[in-house]
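Shown below: query-v1.cif, with mmCIF, C-alpha atoms.
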```
data_structure
loop_
_atom_site.group_PDB
_atom_site.id
_atom_site.type_symbol
_atom_site.label_atom_id
_atom_site.label_comp_id
_atom_site.auth_asym_id
_atom_site.auth_seq_id
_atom_site.Cartn_x
_atom_site.Cartn_y
_atom_site.Cartn_z
ATOM 1 C CA MET A 55 23.426 22.463 30.552
ATOM 2 C CA GLU A 56 23.444 19.101 28.936
ATOM 3 C CA PHE A 57 26.821 18.439 27.480
ATOM 4 C CA ALA A 58 26.928 14.773 28.392
ATOM 5 C CA GLY A 59 28.616 12.905 25.613
ATOM 6 C CA PHE A 60 29.866 16.031 23.943
ATOM 7 C CA ASP A 61 33.496 15.119 24.311
ATOM 8 C CA ARG A 62 32.980 11.426 23.932
ATOM 9 C CA PRO A 63 35.035 10.075 21.050
ATOM 10 C CA ARG A 64 32.741 8.995 18.249
ATOM 11 C CA PRO A 65 34.706 6.930 15.785
ATOM 12 C CA SER A 66 32.655 6.465 12.672
ATOM 13 C CA GLY A 67 31.144 3.013 12.646
ATOM 14 C CA GLY A 68 31.768 2.745 16.373
ATOM 15 C CA THR A 69 29.164 2.313 19.050
ATOM 16 C CA LEU A 70 26.197 4.542 18.523
ATOM 17 C CA THR A 71 23.904 4.957 21.446
ATOM 18 C CA ALA A 72 21.261 7.290 20.054
ATOM 19 C CA THR A 73 18.726 5.589 17.794
ATOM 20 C CA ALA A 74 15.803 6.907 15.789
ATOM 21 C CA LEU A 75 13.256 4.477 14.382
ATOM 22 C CA LYS A 76 11.049 5.301 11.424
ATOM 23 C CA ILE A 77 7.440 4.345 10.889
ATOM 24 C CA LEU A 78 5.676 5.343 7.676
ATOM 25 C CA ILE A 79 2.039 6.390 7.490
ATOM 26 C CA ALA A 80 0.805 5.747 3.961
ATOM 27 C CA GLY A 81 -2.487 5.695 2.110
ATOM 28 C CA GLY A 82 -4.487 7.676 -0.405
ATOM 29 C CA PHE A 83 -5.080 11.390 -0.487
ATOM 30 C CA GLY A 84 -7.295 12.685 2.320
ATOM 31 C CA VAL A 85 -7.459 9.381 4.170
ATOM 32 C CA GLY A 86 -6.219 10.846 7.456
ATOM 33 C CA LYS A 87 -2.418 10.490 7.382
ATOM 34 C CA THR A 88 -1.797 14.022 8.623
ATOM 35 C CA THR A 89 -4.467 13.580 11.291
ATOM 36 C CA MET A 90 -2.924 10.338 12.519
ATOM 37 C CA VAL A 91 0.553 11.862 12.830
ATOM 38 C CA GLY A 92 -0.914 14.880 14.646
ATOM 39 C CA THR A 93 -2.927 12.733 17.059
ATOM 40 C CA ILE A 94 0.082 10.870 18.415
ATOM 41 C CA SER A 95 3.049 13.212 17.970
ATOM 42 C CA GLU A 96 4.515 14.905 21.033
ATOM 43 C CA ILE A 97 5.771 17.759 18.900
ATOM 44 C CA ARG A 98 3.569 19.854 16.710
ATOM 45 C CA PRO A 99 3.704 17.829 13.517
ATOM 46 C CA LEU A 100 5.974 19.453 11.027
ATOM 47 C CA HIS A 101 4.236 20.012 7.761
ATOM 48 C CA THR A 102 7.010 21.063 5.459
ATOM 49 C CA GLU A 103 7.007 21.922 1.827
ATOM 50 C CA GLU A 104 10.009 20.258 0.322
ATOM 51 C CA LEU A 105 11.466 21.655 -2.837
ATOM 52 C CA LEU A 106 12.413 19.001 -5.317
ATOM 53 C CA SER A 107 15.385 19.425 -7.532
ATOM 54 C CA ASP A 108 16.489 17.401 -10.548
ATOM 55 C CA ARG A 109 15.690 14.097 -8.857
ATOM 56 C CA GLY A 110 12.037 14.715 -9.472
ATOM 57 C CA VAL A 111 12.322 15.703 -13.069
ATOM 58 C CA GLY A 112 12.378 12.277 -14.686
ATOM 59 C CA VAL A 113 9.355 11.291 -12.658
ATOM 60 C CA ASP A 114 7.549 14.486 -13.489
ATOM 61 C CA ASP A 115 8.268 14.005 -17.169
ATOM 62 C CA LEU A 116 9.296 17.569 -17.674
ATOM 63 C CA SER A 117 11.792 16.811 -20.414
ATOM 64 C CA GLY A 118 13.446 19.908 -21.704
ATOM 65 C CA VAL A 119 12.648 21.930 -18.637
ATOM 66 C CA GLU A 120 15.465 23.331 -16.534
ATOM 67 C CA THR A 121 16.612 20.906 -13.869
ATOM 68 C CA LYS A 122 15.896 23.176 -10.910
ATOM 69 C CA VAL A 123 12.144 22.990 -11.046
ATOM 70 C CA ALA A 124 10.386 24.428 -8.040
ATOM 71 C CA THR A 125 8.069 21.542 -7.368
ATOM 72 C CA THR A 126 7.041 21.248 -3.772
ATOM 73 C CA VAL A 127 5.726 18.295 -1.884
ATOM 74 C CA ALA A 128 4.197 18.347 1.565
ATOM 75 C CA LEU A 129 5.724 16.047 4.134
ATOM 76 C CA ASP A 130 4.365 15.520 7.631
ATOM 77 C CA PHE A 131 6.280 14.075 10.467
ATOM 78 C CA GLY A 132 5.908 13.627 14.190
ATOM 79 C CA ARG A 133 7.930 12.224 17.054
ATOM 80 C CA ILE A 134 7.472 9.991 20.071
ATOM 81 C CA THR A 135 10.303 9.900 22.615
ATOM 82 C CA ILE A 136 10.745 6.377 23.942
ATOM 83 C CA ARG A 137 13.880 6.860 26.020
ATOM 84 C CA GLU A 138 16.442 9.601 26.278
ATOM 85 C CA ASP A 139 18.373 7.987 23.435
ATOM 86 C CA LEU A 140 15.551 6.358 21.470
ATOM 87 C CA TRP A 141 12.934 8.068 19.327
ATOM 88 C CA LEU A 142 10.144 6.930 17.084
ATOM 89 C CA TYR A 143 9.472 9.115 14.055
ATOM 90 C CA LEU A 144 6.283 8.971 12.058
ATOM 91 C CA PHE A 145 6.476 10.117 8.472
ATOM 92 C CA GLY A 146 3.361 10.681 6.427
ATOM 93 C CA THR A 147 4.193 9.671 2.866
ATOM 94 C CA PRO A 148 3.342 12.005 0.008
ATOM 95 C CA GLY A 149 0.208 10.805 -1.706
ATOM 96 C CA GLN A 150 0.954 11.528 -5.334
ATOM 97 C CA ASP A 151 2.412 8.779 -7.479
ATOM 98 C CA ARG A 152 5.114 10.957 -8.919
ATOM 99 C CA PHE A 153 6.758 11.218 -5.504
ATOM 100 C CA TRP A 154 7.530 7.509 -5.286
ATOM 101 C CA PHE A 155 11.218 8.252 -5.217
ATOM 102 C CA MET A 156 10.652 9.953 -1.858
ATOM 103 C CA TRP A 157 9.034 6.799 -0.557
ATOM 104 C CA ASP A 158 12.231 4.900 -1.310
ATOM 105 C CA GLU A 159 14.172 7.165 0.968
ATOM 106 C CA LEU A 160 11.518 7.205 3.673
ATOM 107 C CA ALA A 161 11.173 3.416 3.604
ATOM 108 C CA LEU A 162 14.899 2.723 3.782
ATOM 109 C CA GLY A 163 15.602 1.298 7.222
ATOM 110 C CA ALA A 164 12.035 1.820 8.399
ATOM 111 C CA LEU A 165 10.664 -0.407 11.130
ATOM 112 C CA GLY A 166 7.354 -0.737 9.319
ATOM 113 C CA ALA A 167 4.372 1.072 7.871
ATOM 114 C CA VAL A 168 0.735 1.803 8.561
ATOM 115 C CA VAL A 169 -1.458 1.797 5.443
ATOM 116 C CA LEU A 170 -4.525 3.877 6.179
ATOM 117 C CA ALA A 171 -7.599 2.832 4.242
ATOM 118 C CA ASP A 172 -11.044 4.304 3.701
ATOM 119 C CA THR A 173 -13.641 1.671 2.817
ATOM 120 C CA ARG A 174 -15.427 4.132 0.514
ATOM 121 C CA ARG A 175 -12.261 4.365 -1.606
ATOM 122 C CA LEU A 176 -10.438 1.188 -0.790
ATOM 123 C CA GLN A 177 -8.574 1.139 -4.092
ATOM 124 C CA ASP A 178 -6.648 4.252 -2.996
ATOM 125 C CA CYS A 179 -4.586 2.128 -0.613
ATOM 126 C CA PHE A 180 -3.596 -0.482 -3.203
ATOM 127 C CA PRO A 181 -0.419 1.278 -4.411
ATOM 128 C CA ALA A 182 0.894 1.532 -0.836
ATOM 129 C CA VAL A 183 0.077 -2.122 -0.125
ATOM 130 C CA ASP A 184 1.809 -3.218 -3.344
ATOM 131 C CA TYR A 185 4.816 -1.064 -2.546
ATOM 132 C CA PHE A 186 5.371 -2.424 0.962
ATOM 133 C CA GLU A 187 4.725 -6.019 -0.115
ATOM 134 C CA GLN A 188 7.345 -5.676 -2.816
ATOM 135 C CA LEU A 189 9.781 -4.121 -0.369
ATOM 136 C CA LYS A 190 9.001 -6.829 2.214
ATOM 137 C CA LEU A 191 8.515 -4.074 4.775
ATOM 138 C CA PRO A 192 6.182 -5.147 7.596
ATOM 139 C CA PHE A 193 2.898 -3.217 7.520
ATOM 140 C CA VAL A 194 -0.579 -3.170 8.970
ATOM 141 C CA VAL A 195 -3.728 -1.950 7.244
ATOM 142 C CA ALA A 196 -5.699 0.421 9.455
ATOM 143 C CA VAL A 197 -9.240 1.171 8.324
ATOM 144 C CA ASN A 198 -10.026 4.718 9.315
ATOM 145 C CA CYS A 199 -13.637 4.778 10.489
ATOM 146 C CA PHE A 200 -14.406 8.430 9.794
ATOM 147 C CA ASP A 201 -18.112 8.068 10.223
ATOM 148 C CA GLY A 202 -17.933 6.216 13.504
ATOM 149 C CA ALA A 203 -21.342 4.776 12.786
ATOM 150 C CA ARG A 204 -20.701 2.486 9.856
ATOM 151 C CA ARG A 205 -19.510 -0.986 10.739
ATOM 152 C CA HIS A 206 -16.536 -2.286 8.858
ATOM 153 C CA ASP A 207 -15.544 -5.887 8.653
ATOM 154 C CA PRO A 208 -11.749 -6.408 8.721
ATOM 155 C CA ALA A 209 -12.137 -9.798 7.031
ATOM 156 C CA LYS A 210 -13.913 -8.183 4.078
ATOM 157 C CA VAL A 211 -11.201 -5.550 3.809
ATOM 158 C CA ARG A 212 -8.552 -8.268 3.904
ATOM 159 C CA ARG A 213 -10.227 -10.092 1.021
ATOM 160 C CA ALA A 214 -10.846 -6.942 -0.992
ATOM 161 C CA VAL A 215 -7.221 -5.826 -0.692
ATOM 162 C CA GLY A 216 -5.906 -9.359 -1.202
ATOM 163 C CA LEU A 217 -3.775 -9.432 1.934
ATOM 164 C CA ASP A 218 -2.123 -12.552 3.226
ATOM 165 C CA GLU A 219 -3.245 -13.917 6.575
ATOM 166 C CA GLY A 220 -0.168 -12.650 8.366
ATOM 167 C CA THR A 221 -0.817 -8.955 7.728
ATOM 168 C CA PRO A 222 -2.923 -7.410 10.496
ATOM 169 C CA VAL A 223 -6.055 -5.434 9.593
ATOM 170 C CA VAL A 224 -7.349 -3.153 12.328
ATOM 171 C CA LEU A 225 -10.139 -0.620 12.608
ATOM 172 C CA CYS A 226 -9.120 2.775 13.894
ATOM 173 C CA ASP A 227 -10.072 6.389 14.374
ATOM 174 C CA ALA A 228 -7.128 8.552 13.324
ATOM 175 C CA ARG A 229 -8.406 11.362 15.575
ATOM 176 C CA ASN A 230 -8.348 9.196 18.671
ATOM 177 C CA ARG A 231 -5.099 8.812 20.555
ATOM 178 C CA ALA A 232 -5.892 5.458 22.183
ATOM 179 C CA SER A 233 -6.909 4.093 18.798
ATOM 180 C CA VAL A 234 -3.704 5.293 17.110
ATOM 181 C CA LYS A 235 -1.668 3.798 19.961
ATOM 182 C CA ASP A 236 -3.332 0.435 19.277
ATOM 183 C CA VAL A 237 -2.439 0.685 15.600
ATOM 184 C CA LEU A 238 1.209 1.429 16.391
ATOM 185 C CA THR A 239 1.595 -1.310 19.000
ATOM 186 C CA THR A 240 0.026 -3.770 16.528
ATOM 187 C CA LEU A 241 2.556 -2.691 13.905
ATOM 188 C CA VAL A 242 5.577 -2.889 16.217
ATOM 189 C CA THR A 243 4.545 -6.337 17.451
ATOM 190 C CA HIS A 244 3.963 -7.505 13.878
ATOM 191 C CA ALA A 245 7.307 -6.103 12.704
ATOM 192 C CA VAL A 246 9.219 -7.804 15.495
ATOM 193 C CA SER A 247 7.406 -11.142 15.057
ATOM 194 C CA ARG A 248 8.203 -11.157 11.341
ATOM 195 C CA ARG A 249 11.935 -11.195 11.941
ATOM 196 C CA MET B 115 1.396 20.324 -5.002
ATOM 197 C CA THR B 116 0.238 23.489 -3.396
ATOM 198 C CA ASP B 117 -1.038 26.831 -4.484
ATOM 199 C CA ASP B 118 0.496 28.496 -1.464
ATOM 200 C CA ASP B 119 2.761 31.448 -1.956
ATOM 201 C CA PRO B 120 6.165 29.970 -2.814
ATOM 202 C CA GLY B 121 7.857 33.097 -1.482
ATOM 203 C CA PRO B 122 8.832 31.737 1.944
ATOM 204 C CA LEU B 123 10.376 28.647 0.391
ATOM 205 C CA ILE B 124 12.366 30.644 -2.103
ATOM 206 C CA ARG B 125 13.555 32.940 0.674
ATOM 207 C CA LEU B 126 14.621 29.891 2.674
ATOM 208 C CA TYR B 127 16.723 28.735 -0.240
ATOM 209 C CA GLY B 128 18.617 31.967 0.199
ATOM 210 C CA LEU B 129 20.062 30.301 3.307
ATOM 211 C CA THR B 130 21.605 27.586 1.202
ATOM 212 C CA GLY B 131 22.672 29.778 -1.685
ATOM 213 C CA GLY B 132 20.036 28.063 -3.804
ATOM 214 C CA ARG B 133 21.351 24.575 -3.141
ATOM 215 C CA ALA B 134 18.721 21.894 -2.835
ATOM 216 C CA ARG B 135 20.980 18.997 -1.911
ATOM 217 C CA PRO B 136 23.767 18.637 0.645
ATOM 218 C CA SER B 137 27.359 18.183 -0.364
ATOM 219 C CA GLY B 138 28.998 14.816 0.175
ATOM 220 C CA GLU B 139 27.496 11.454 0.940
ATOM 221 C CA ALA B 140 23.702 11.368 1.269
ATOM 222 C CA PHE B 141 22.282 10.968 4.750
ATOM 223 C CA ASP B 142 18.983 9.764 6.095
ATOM 224 C CA LEU B 143 16.231 11.843 7.675
ATOM 225 C CA VAL B 144 16.828 10.013 10.929
ATOM 226 C CA ALA B 145 20.628 9.933 10.775
ATOM 227 C CA ILE B 146 22.075 11.081 14.105
ATOM 228 C CA VAL B 147 23.956 14.378 14.078
ATOM 229 C CA THR B 148 26.553 15.107 16.748
ATOM 230 C CA THR B 149 28.571 18.287 17.109
ATOM 231 C CA ILE B 150 32.257 17.506 17.405
ATOM 232 C CA ARG B 151 33.536 21.037 17.759
ATOM 233 C CA THR B 152 32.136 24.549 17.856
ATOM 234 C CA PRO B 153 34.359 27.174 16.266
ATOM 235 C CA PHE B 154 34.482 30.635 17.775
ATOM 236 C CA GLU B 155 34.434 32.131 14.368
ATOM 237 C CA LEU B 156 34.172 30.603 10.946
ATOM 238 C CA PRO B 157 33.421 32.698 7.910
ATOM 239 C CA GLY B 158 30.458 31.472 5.954
ATOM 240 C CA LEU B 159 28.468 30.108 8.870
ATOM 241 C CA ASN B 160 25.064 31.713 9.310
ATOM 242 C CA PRO B 161 22.922 31.829 12.480
ATOM 243 C CA GLU B 162 21.139 28.631 11.440
ATOM 244 C CA HIS B 163 24.452 26.783 11.246
ATOM 245 C CA HIS B 164 25.300 27.965 14.750
ATOM 246 C CA ALA B 165 21.882 26.963 16.059
ATOM 247 C CA MET B 166 22.422 23.478 14.616
ATOM 248 C CA LEU B 167 25.801 23.162 16.302
ATOM 249 C CA ALA B 168 24.160 24.094 19.615
ATOM 250 C CA ILE B 169 21.284 21.614 19.201
ATOM 251 C CA CYS B 170 23.546 18.749 18.159
ATOM 252 C CA ARG B 171 25.753 18.916 21.231
ATOM 253 C CA ARG B 172 23.296 16.241 22.202
ATOM 254 C CA PRO B 173 23.106 13.623 19.430
ATOM 255 C CA THR B 174 19.969 14.573 17.487
ATOM 256 C CA PRO B 175 18.231 13.069 14.449
ATOM 257 C CA VAL B 176 18.198 15.188 11.278
ATOM 258 C CA ALA B 177 14.387 15.407 11.293
ATOM 259 C CA ASP B 178 14.462 16.765 14.816
ATOM 260 C CA VAL B 179 16.967 19.477 13.934
ATOM 261 C CA ALA B 180 14.519 20.563 11.233
ATOM 262 C CA ALA B 181 11.602 20.502 13.665
ATOM 263 C CA GLN B 182 13.433 22.504 16.332
ATOM 264 C CA LEU B 183 14.472 25.187 13.860
ATOM 265 C CA GLY B 184 11.233 25.135 11.901
ATOM 266 C CA LEU B 185 13.125 24.572 8.651
ATOM 267 C CA PRO B 186 12.216 22.287 5.745
ATOM 268 C CA LEU B 187 14.108 19.007 5.760
ATOM 269 C CA ASN B 188 15.903 19.725 2.491
ATOM 270 C CA ILE B 189 17.234 23.039 3.755
ATOM 271 C CA THR B 190 18.271 21.439 7.025
ATOM 272 C CA ARG B 191 20.186 18.757 5.187
ATOM 273 C CA VAL B 192 22.055 21.214 3.017
ATOM 274 C CA LEU B 193 23.137 23.209 6.070
ATOM 275 C CA LEU B 194 24.122 20.070 7.997
ATOM 276 C CA GLY B 195 26.117 18.975 4.945
ATOM 277 C CA ASP B 196 28.055 22.236 5.215
ATOM 278 C CA LEU B 197 28.846 21.559 8.862
ATOM 279 C CA ARG B 198 30.005 18.048 8.043
ATOM 280 C CA ARG B 199 32.242 19.330 5.274
ATOM 281 C CA GLU B 200 33.848 21.727 7.765
ATOM 282 C CA GLY B 201 34.427 18.832 10.165
ATOM 283 C CA LEU B 202 32.124 20.310 12.796
ATOM 284 C CA VAL B 203 29.576 17.498 13.018
ATOM 285 C CA ASN B 204 29.421 13.739 12.616
ATOM 286 C CA ILE B 205 26.404 12.348 10.819
ATOM 287 C CA ASP B 206 25.941 8.685 11.701
ATOM 288 C CA PRO B 207 23.640 6.659 9.462
ATOM 289 C CA PRO B 208 20.806 4.922 11.303
ATOM 290 C CA GLN B 209 21.346 1.284 12.089
ATOM 291 C CA PRO B 210 18.960 -1.191 10.443
ATOM 292 C CA PRO B 211 16.065 -2.049 12.795
ATOM 293 C CA ASP B 212 17.192 -5.695 12.698
ATOM 294 C CA GLN B 213 20.325 -4.677 14.538
ATOM 295 C CA THR B 214 18.887 -2.073 16.863
ATOM 296 C CA ILE B 215 15.713 -3.712 18.086
ATOM 297 C CA ASP B 216 16.593 -6.200 20.736
ATOM 298 C CA GLU B 217 14.119 -7.561 23.259
ATOM 299 C CA ARG B 218 14.593 -4.644 25.637
ATOM 300 C CA THR B 219 14.184 -2.003 22.947
ATOM 301 C CA TYR B 220 11.046 -3.714 21.665
ATOM 302 C CA ARG B 221 9.531 -3.706 25.155
ATOM 303 C CA ASP B 222 10.569 -0.087 25.671
ATOM 304 C CA VAL B 223 8.965 0.963 22.376
ATOM 305 C CA LEU B 224 5.676 -0.760 23.235
ATOM 306 C CA HIS B 225 5.718 0.732 26.714
ATOM 307 C CA GLY B 226 6.596 4.156 25.327
ATOM 308 C CA ILE B 227 3.656 4.121 22.925
ATOM 309 C CA ARG B 228 1.183 2.869 25.544
ATOM 310 C CA ARG B 229 2.054 5.454 28.157
ATOM 311 C CA LEU B 230 1.413 8.373 25.780
#
```

Just give me the structure as structure tokens.
Amino acid sequence: MEFAGFDRPRPSGGTLTATALKILIAGGFGVGKTTMVGTISEIRPLHTEELLSDRGVGVDDLSGVETKVATTVALDFGRITIREDLWLYLFGTPGQDRFWFMWDELALGALGAVVLADTRRLQDCFPAVDYFEQLKLPFVVAVNCFDGARRHDPAKVRRAVGLDEGTPVVLCDARNRASVKDVLTTLVTHAVSRR
Amino acid sequence: MTDDDPGPLIRLYGLTGGRARPSGEAFDLVAIVTTIRTPFELPGLNPEHHAMLAICRRPTPVADVAAQLGLPLNITRVLLGDLRREGLVNIDPPQPPDQTIDERTYRDVLHGIRRL
């Protein structure tokens, strides 16, 4: 039985030993966010349907409709245990624009973000890039090479997206664990170096 | 949006009495929940509440409570809000990464990712 710490006094605002870090996985619809979370998570990624209440109404422009509107949004998340008291959580951000308000909550206090991009639909990643730039949240752009065969040039992607030199652009395969690990270590290193 | 049967979700909201948001101050998906006492009997607590109290004997992030119980995050937060209101759990907001990531933590995170 693990009751260590159970009786330890926990004054609010006092020392907190357990820490959970957030990393966001963003990008357009169908770009591989769910796949990336599933590739690296040690738990079966939770794919939950969240019911939105009145907070979503203004965004949905459902004026005149009752406030409890049963709108659902899918949210994926996975976990990596770093130490007994330190976890890394990956949250796949909802793709639709009208769920931006959820991004605000997900991004609050996040360590950084991965923007997944597909070179066939590069413009799909622009909203995420704009969002994180505005928020000054460290991010990397990871080009998901679905095809495996086609060669992508990170420098071309950087120019096309209009990224500054400091933001890393990496090629990846969201299905491949080693590749996703590289993306995450690049992000963590970038996030720490930016401070 | 999904065309899936909304039935399960609506049934889950039965657990919260239809509430979609927790009472009291908002808390983050990775806020740390810690059980401070477990009552023998408290009217109004359902099995999910009790399961949460058991899980959070070890400090546990909100998202993880949801994952362990297989509940949507919103539902989990409403139920955890109930436990906080009853004084049964503490919910500590996450510290900003600037304050939590020192050199050792950074190295541990990199090492933790690489050894997966």

CA of Leu129 (chain B) to CA of Ala74 (chain A), distance in Å rounded to a single decimal: 26.9 Å

Residues matched by the PyMOL selection byres ((chain B) within 8 of (chain A)) as JSON, numbers by chain: {"B": [115, 116, 123, 134, 135, 142, 143, 144, 145, 146, 148, 149, 150, 171, 172, 173, 174, 175, 181, 184, 185, 186, 187, 188, 204, 206, 208, 209, 210, 211, 212, 214, 220, 222, 223, 224, 226, 227, 228, 230]}

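Reported to one decimal place, the separation of CA of Ile189 (chain B) from CA of Pro136 (chain B) is 8.5 Å.
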
From B:His225, B:Glu139, B:Ile215, B:Val203, residue lying nearest Ile169 (chain B) [all atoms listed in the file]: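 Among the listed residues, B:Val203 lies closest to Ile169 (chain B).
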
Point-to-point distance from CA of Val223 (chain A) to CA of Asp172 (chain A), Å rounded to tenths: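 These two atoms are separated by 12.4 Å.
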
The PyMOL selection byres ((chain A and resi 167) around 6) applied to the shown file, residues as a list of chain:residue names: A:Ile77, A:Leu78, A:Ile79, A:Gly166, A:Val168, A:Phe193

Residues matched by the PyMOL selection byres ((chain A and resi 85) around 10) as a PyMOL selection string: chain A and resi 80-84+86-90+149+169-173+175+178-179+197-200+228

Nearby residues, (28.2, 13.1, 4.7) file frame, 8 Å, all atoms listed in the file, as a list in words: Ser137, Gly138, Glu139, Ala140, Phe141, Gly195, Arg198, Arg199 and Ile205 of chain B

Shell around His163 (chain B) at 12 Å using all atoms listed in the file, local window under 2 positions removed, as a PyMOL selection string: chain B and resi 129-130+149+152-153+155-161+165-170+179-180+183+185+189-198+200+202-203

Grab all the atoms of region 155-174 of chain A that the file lists, wrap them in a box along x, y and z, add 5 Å per side, and give me centre plus edge lengths in Å (one decimal) as AutoDock Vina command-line options.
```
--center_x 0.1 --center_y 4.6 --center_z 3.0 --size_x 41.0 --size_y 20.7 --size_z 26.3
```
